[in-house]
Amino acid sequence: MYLNSIFSNPERLERLGDIAQSSFLPLIEAAVQFTLPLSVISFILGLFLAIVTALARISTVRIFQWIARVYVSIIRGTPLLVQLFILFYGLPTIGVTIDPFPAAVIGFSLNVGAYASEVIRAAILSIPKGQWEAADTIGMSYSQTLRRVILPQASRVSVPPLSNTFISLVKDTSLAALILVTEMFRVAQQIAATNYEFLLLYGQAALIYWIICFSLSLVQGRLENRFDRYVSR
Amino acid sequence: MISIKNLHKSFGELEVLKGIDLDVEKGQTIVVIGPSGSGKTTFLRCLNILEKPSAGTVEIGGLVADFSKPMSKKQITAFRKQSAMVFQHYNLFPHMTVLDNIMEGPVTVQKKGKAQAKEKALALLEKVGLSDKADSYPYQLSGGQQQRVGIARALALEPKVMLFDEPTSALDPELVGEVLQVMKDLAQEGMTMVVVTHEMRFAKGAADEVLFMDSGRIVERGTPDAVFNRPQEERTKRFLNLIQDTDTI
């Protein structure tokens, strides 16, 4: 057994300890340099896209509705990995070459935009009609109503599902390894390729992903508390 | 103050308002009663263009809206400014404090200074008897208190006309009085009001004119004394009998 062989062999144990120590810093560096920025930038751009898409879906203008529907359908109906490959390996054949990191940002933003738009659309529709009417009678314009009345309430409802989206995104950024972004998982692969300690390296990467995602779920809890200050419990 | 001519409203095939004519003098309180489905709420909502009438004209405070022509958003907003609405379910903004609810219209829409708007809002809160609730959130208030905030929020817009859509229908019986008292005070101060309500005591006590609506028409109108004690129309008599029956059960 693997575990047996480790613990019955102090030399090997020492070697594993050394590798774990020396690979920890590069992994963290990759996470800070690529995994986190990729996640945060894609989420922010994606969220913006999602709000626009959600508003297009609920608008009364047919053409906006259809553009939004087609976009969401394409993104949700095709694998993320295939989307990334099309952006990075496919587009150059028609003369459009994008560097790995921007290609990943585009891919993930489009993905988040489609999924989160459904969350935001549902959240907006969950706000009672009376809120729109009250805003109307006060004289608010459409954009004032959204900004001051609807979106603040919709964002409270959206925190749990959008946190899901963000946490999924952090883990999905590992797919960027396959389009040559040297994010954390790719660095783990590269180190493991030199010393063959796959379990150790991928285990370390998994641990760091988990720590990031666990921290995010703590942030989610705080956000929910903050938003709940105006709701009876 | 208000002049309504031949107001019609249809929802698809269904004609809900079949030609309403009404003139209201400045400072008058008009109470609209009638069975459910009579069109009285739709009528009130048309005055604020929450429902867009199908035809007819409405003049409020010198501004005329002709609903046989298309209206731009600007025109609708300008017309809405003349009146303010109090809703059956209050429709306060739950994510804002009481004070922010009242200041929202003056500050965000009318672009008034915050200090000035706050002073006004606090004065209005005192008027509706809720000075101590300025920093509360709506969920912390009773229904009657929320509705009084709703009235203060509408008054903050400084409308020429106040519209009330069954303001006490969602309230527990013991909370109705406090809201009606605020409305009576307003009427006495000379506010022009159109009130859709089931509160006959309010109609008797505060109305200058009572309208009885049925099937999208004004069936009978007159002073409270005339409509309640000497109704001329069969439908009015039947409606009043039904209400009095339930009052004595």
# chains A, B, ... in the order shown; residues from 1 in each chain; ligands from 1
>>> interface_residues(of="chain A", to="chain B", cutoff="6 Å", atoms="only C-alpha atoms", output="list of chain:residue names")
A:Gly130, A:Gln131, A:Ile138, A:Gly139, A:Met140, A:Tyr230
>>> residues_around(residues="segment 216-227 of chain A", least_positions_apart="6", cutoff="8 Å", atoms="only C-alpha atoms", output="MDAnalysis selection string")
chainID A and resid 156 159:160 163 167
>>> write_last_selection(atoms="C-alpha atoms", output="tab-separated table (two decimals), in the first residue's frame")
chain	number	residue	atom	x	y	z
A	156	ARG	CA	-30.13	40.26	-1.31
A	159	VAL	CA	-26.27	36.37	-2.70
A	160	PRO	CA	-26.56	32.59	-2.14
A	163	SER	CA	-21.89	32.75	-4.33
A	167	ILE	CA	-17.18	29.31	-6.08
>>> residues_around(residues="Val31 of chain B", least_positions_apart="2", cutoff="7 Å", atoms="only C-alpha atoms", output="PyMOL selection string")
chain B and resi 29+33+194-196+203+207+209-211
>>> select_by_dssp(residues="segment 82-170 of chain B", states="helix (DSSP H, G or I)", output="NGL selection string")
:B and (98-109 or 114-127 or 131-133 or 138-140 or 143-155)
>>> residues_around(residues="segment 189-199 of chain A", least_positions_apart="2", cutoff="10 Å", atoms="only C-alpha atoms", output="list of chain:residue names")
A:Leu16, A:Ile19, A:Ala20, A:Ser22, A:Ser23, A:Pro26, A:Leu27, A:Ala177, A:Thr182, A:Met184, A:Phe185, A:Arg186, A:Val187, A:Leu201, A:Tyr202, A:Gly203, A:Gln204, A:Ala205
>>> write_last_selection(atoms="N, CA, C and O atoms", output="PDB file, in the first residue's frame")
ATOM      1  N   LEU A  16       9.164  13.677   0.414  1.00  0.00           N
ATOM      2  CA  LEU A  16       7.835  14.252   0.199  1.00  0.00           C
ATOM      3  C   LEU A  16       7.710  15.585   0.920  1.00  0.00           C
ATOM      4  O   LEU A  16       7.167  16.560   0.388  1.00  0.00           O
ATOM      5  N   ILE A  19       9.529  18.236  -1.040  1.00  0.00           N
ATOM      6  CA  ILE A  19       8.811  18.647  -2.252  1.00  0.00           C
ATOM      7  C   ILE A  19       7.607  19.508  -1.900  1.00  0.00           C
ATOM      8  O   ILE A  19       7.369  20.560  -2.501  1.00  0.00           O
ATOM      9  N   ALA A  20       6.881  19.048  -0.850  1.00  0.00           N
ATOM     10  CA  ALA A  20       5.698  19.808  -0.438  1.00  0.00           C
ATOM     11  C   ALA A  20       6.096  21.236  -0.088  1.00  0.00           C
ATOM     12  O   ALA A  20       5.440  22.203  -0.490  1.00  0.00           O
ATOM     13  N   SER A  22       8.850  22.926  -1.000  1.00  0.00           N
ATOM     14  CA  SER A  22       9.379  23.743  -2.103  1.00  0.00           C
ATOM     15  C   SER A  22       8.314  24.052  -3.156  1.00  0.00           C
ATOM     16  O   SER A  22       8.417  25.038  -3.872  1.00  0.00           O
ATOM     17  N   SER A  23       7.277  23.206  -3.257  1.00  0.00           N
ATOM     18  CA  SER A  23       6.256  23.482  -4.271  1.00  0.00           C
ATOM     19  C   SER A  23       5.155  24.405  -3.743  1.00  0.00           C
ATOM     20  O   SER A  23       4.392  24.982  -4.515  1.00  0.00           O
ATOM     21  N   PRO A  26       5.498  28.207  -5.113  1.00  0.00           N
ATOM     22  CA  PRO A  26       5.078  28.401  -6.517  1.00  0.00           C
ATOM     23  C   PRO A  26       3.565  28.243  -6.722  1.00  0.00           C
ATOM     24  O   PRO A  26       2.963  28.981  -7.512  1.00  0.00           O
ATOM     25  N   LEU A  27       2.964  27.291  -5.982  1.00  0.00           N
ATOM     26  CA  LEU A  27       1.521  27.101  -6.124  1.00  0.00           C
ATOM     27  C   LEU A  27       0.755  28.330  -5.647  1.00  0.00           C
ATOM     28  O   LEU A  27      -0.164  28.817  -6.317  1.00  0.00           O
ATOM     29  N   ALA A 177      -5.730  25.845 -17.455  1.00  0.00           N
ATOM     30  CA  ALA A 177      -4.460  25.143 -17.637  1.00  0.00           C
ATOM     31  C   ALA A 177      -4.360  24.573 -19.050  1.00  0.00           C
ATOM     32  O   ALA A 177      -3.289  24.542 -19.646  1.00  0.00           O
ATOM     33  N   THR A 182      -0.766  29.769 -16.915  1.00  0.00           N
ATOM     34  CA  THR A 182      -0.008  29.113 -15.847  1.00  0.00           C
ATOM     35  C   THR A 182      -0.637  29.393 -14.484  1.00  0.00           C
ATOM     36  O   THR A 182      -0.006  29.943 -13.592  1.00  0.00           O
ATOM     37  N   MET A 184      -2.763  27.903 -11.028  1.00  0.00           N
ATOM     38  CA  MET A 184      -2.271  26.989 -10.003  1.00  0.00           C
ATOM     39  C   MET A 184      -2.216  25.530 -10.457  1.00  0.00           C
ATOM     40  O   MET A 184      -1.228  24.832 -10.227  1.00  0.00           O
ATOM     41  N   PHE A 185      -3.266  25.074 -11.123  1.00  0.00           N
ATOM     42  CA  PHE A 185      -3.313  23.665 -11.488  1.00  0.00           C
ATOM     43  C   PHE A 185      -2.226  23.335 -12.518  1.00  0.00           C
ATOM     44  O   PHE A 185      -1.587  22.279 -12.468  1.00  0.00           O
ATOM     45  N   ARG A 186      -1.988  24.269 -13.434  1.00  0.00           N
ATOM     46  CA  ARG A 186      -0.950  24.036 -14.436  1.00  0.00           C
ATOM     47  C   ARG A 186       0.428  23.973 -13.780  1.00  0.00           C
ATOM     48  O   ARG A 186       1.257  23.148 -14.138  1.00  0.00           O
ATOM     49  N   VAL A 187       0.642  24.837 -12.798  1.00  0.00           N
ATOM     50  CA  VAL A 187       1.919  24.806 -12.074  1.00  0.00           C
ATOM     51  C   VAL A 187       2.077  23.474 -11.344  1.00  0.00           C
ATOM     52  O   VAL A 187       3.146  22.867 -11.355  1.00  0.00           O
ATOM     53  N   LEU A 201       1.201  16.687  -5.315  1.00  0.00           N
ATOM     54  CA  LEU A 201       1.021  17.997  -5.936  1.00  0.00           C
ATOM     55  C   LEU A 201      -0.459  18.332  -6.154  1.00  0.00           C
ATOM     56  O   LEU A 201      -0.918  19.424  -5.844  1.00  0.00           O
ATOM     57  N   TYR A 202      -1.207  17.343  -6.703  1.00  0.00           N
ATOM     58  CA  TYR A 202      -2.629  17.607  -6.933  1.00  0.00           C
ATOM     59  C   TYR A 202      -3.373  17.741  -5.617  1.00  0.00           C
ATOM     60  O   TYR A 202      -4.336  18.518  -5.495  1.00  0.00           O
ATOM     61  N   GLY A 203      -2.907  17.010  -4.609  1.00  0.00           N
ATOM     62  CA  GLY A 203      -3.492  17.140  -3.266  1.00  0.00           C
ATOM     63  C   GLY A 203      -3.268  18.541  -2.722  1.00  0.00           C
ATOM     64  O   GLY A 203      -4.190  19.165  -2.176  1.00  0.00           O
ATOM     65  N   GLN A 204      -2.059  19.063  -2.905  1.00  0.00           N
ATOM     66  CA  GLN A 204      -1.771  20.429  -2.450  1.00  0.00           C
ATOM     67  C   GLN A 204      -2.648  21.444  -3.166  1.00  0.00           C
ATOM     68  O   GLN A 204      -3.195  22.360  -2.555  1.00  0.00           O
ATOM     69  N   ALA A 205      -2.748  21.250  -4.492  1.00  0.00           N
ATOM     70  CA  ALA A 205      -3.587  22.169  -5.264  1.00  0.00           C
ATOM     71  C   ALA A 205      -5.027  22.111  -4.759  1.00  0.00           C
ATOM     72  O   ALA A 205      -5.664  23.149  -4.534  1.00  0.00           O
TER      73      ALA A 205
END
>>> closest_residue(among="A:Ala188, A:Ser59, A:Ser126, A:Arg121", to="Leu200 of chain A", atoms="only C-alpha atoms")
A:Ala188
>>> residues_around(residues="Ile120 of chain A", least_positions_apart="3", cutoff="7 Å", atoms="only C-alpha atoms", output="PyMOL selection string")
chain A and resi 51+54+116-117+123-124+158
>>> residues_around(residues="Thr42 of chain B", least_positions_apart="2", cutoff="8 Å", atoms="only C-alpha atoms", output="PDB file with all heavy atoms, in the first residue's frame")
ATOM      1  N   VAL B  16     -63.477  47.701 -18.341  1.00  0.00           N
ATOM      2  CA  VAL B  16     -63.589  47.851 -16.890  1.00  0.00           C
ATOM      3  C   VAL B  16     -64.170  49.209 -16.515  1.00  0.00           C
ATOM      4  O   VAL B  16     -64.923  49.331 -15.555  1.00  0.00           O
ATOM      5  CB  VAL B  16     -62.215  47.654 -16.229  1.00  0.00           C
ATOM      6  CG1 VAL B  16     -62.315  47.779 -14.725  1.00  0.00           C
ATOM      7  CG2 VAL B  16     -61.649  46.291 -16.592  1.00  0.00           C
ATOM      8  N   LEU B  17     -63.802  50.236 -17.278  1.00  0.00           N
ATOM      9  CA  LEU B  17     -64.377  51.566 -17.062  1.00  0.00           C
ATOM     10  C   LEU B  17     -65.126  51.977 -18.325  1.00  0.00           C
ATOM     11  O   LEU B  17     -64.558  51.969 -19.415  1.00  0.00           O
ATOM     12  CB  LEU B  17     -63.283  52.592 -16.742  1.00  0.00           C
ATOM     13  CG  LEU B  17     -62.493  52.372 -15.453  1.00  0.00           C
ATOM     14  CD1 LEU B  17     -61.447  53.460 -15.286  1.00  0.00           C
ATOM     15  CD2 LEU B  17     -63.414  52.324 -14.242  1.00  0.00           C
ATOM     16  N   GLY B  39     -64.677  48.345 -10.655  1.00  0.00           N
ATOM     17  CA  GLY B  39     -63.765  49.216 -11.403  1.00  0.00           C
ATOM     18  C   GLY B  39     -63.245  50.376 -10.591  1.00  0.00           C
ATOM     19  O   GLY B  39     -62.522  51.223 -11.112  1.00  0.00           O
ATOM     20  N   LYS B  40     -63.564  50.420  -9.292  1.00  0.00           N
ATOM     21  CA  LYS B  40     -63.187  51.615  -8.514  1.00  0.00           C
ATOM     22  C   LYS B  40     -61.674  51.728  -8.332  1.00  0.00           C
ATOM     23  O   LYS B  40     -61.119  52.829  -8.432  1.00  0.00           O
ATOM     24  CB  LYS B  40     -63.915  51.645  -7.163  1.00  0.00           C
ATOM     25  CG  LYS B  40     -63.707  50.423  -6.285  1.00  0.00           C
ATOM     26  CD  LYS B  40     -64.692  50.452  -5.114  1.00  0.00           C
ATOM     27  CE  LYS B  40     -64.356  49.416  -4.066  1.00  0.00           C
ATOM     28  NZ  LYS B  40     -64.350  48.013  -4.552  1.00  0.00           N
ATOM     29  N   LEU B  44     -59.094  54.660  -9.853  1.00  0.00           N
ATOM     30  CA  LEU B  44     -58.104  55.424  -9.091  1.00  0.00           C
ATOM     31  C   LEU B  44     -56.716  55.296  -9.718  1.00  0.00           C
ATOM     32  O   LEU B  44     -55.970  56.265  -9.835  1.00  0.00           O
ATOM     33  CB  LEU B  44     -58.075  54.929  -7.637  1.00  0.00           C
ATOM     34  CG  LEU B  44     -57.349  55.847  -6.666  1.00  0.00           C
ATOM     35  CD1 LEU B  44     -58.229  57.042  -6.344  1.00  0.00           C
ATOM     36  CD2 LEU B  44     -56.981  55.112  -5.388  1.00  0.00           C
ATOM     37  N   ARG B  45     -56.375  54.064 -10.132  1.00  0.00           N
ATOM     38  CA  ARG B  45     -55.050  53.823 -10.712  1.00  0.00           C
ATOM     39  C   ARG B  45     -54.874  54.557 -12.040  1.00  0.00           C
ATOM     40  O   ARG B  45     -53.768  54.933 -12.403  1.00  0.00           O
ATOM     41  CB  ARG B  45     -54.809  52.321 -10.876  1.00  0.00           C
ATOM     42  CG  ARG B  45     -54.570  51.604  -9.543  1.00  0.00           C
ATOM     43  CD  ARG B  45     -54.707  50.098  -9.675  1.00  0.00           C
ATOM     44  NE  ARG B  45     -53.719  49.532 -10.586  1.00  0.00           N
ATOM     45  CZ  ARG B  45     -52.493  49.191 -10.218  1.00  0.00           C
ATOM     46  NH1 ARG B  45     -52.109  49.345  -8.979  1.00  0.00           N
ATOM     47  NH2 ARG B  45     -51.647  48.695 -11.093  1.00  0.00           N
ATOM     48  N   CYS B  46     -55.979  54.771 -12.739  1.00  0.00           N
ATOM     49  CA  CYS B  46     -55.912  55.525 -13.990  1.00  0.00           C
ATOM     50  C   CYS B  46     -55.512  56.984 -13.736  1.00  0.00           C
ATOM     51  O   CYS B  46     -54.851  57.609 -14.560  1.00  0.00           O
ATOM     52  CB  CYS B  46     -57.268  55.496 -14.703  1.00  0.00           C
ATOM     53  SG  CYS B  46     -57.546  53.977 -15.628  1.00  0.00           S
ATOM     54  N   GLU B  51     -52.460  52.445 -14.430  1.00  0.00           N
ATOM     55  CA  GLU B  51     -53.096  51.810 -15.600  1.00  0.00           C
ATOM     56  C   GLU B  51     -53.262  52.915 -16.623  1.00  0.00           C
ATOM     57  O   GLU B  51     -53.679  54.016 -16.291  1.00  0.00           O
ATOM     58  CB  GLU B  51     -54.474  51.240 -15.261  1.00  0.00           C
ATOM     59  CG  GLU B  51     -54.536  50.322 -14.066  1.00  0.00           C
ATOM     60  CD  GLU B  51     -53.850  48.986 -14.320  1.00  0.00           C
ATOM     61  OE1 GLU B  51     -53.464  48.723 -15.474  1.00  0.00           O
ATOM     62  OE2 GLU B  51     -53.712  48.225 -13.355  1.00  0.00           O
TER      63      GLU B  51
END
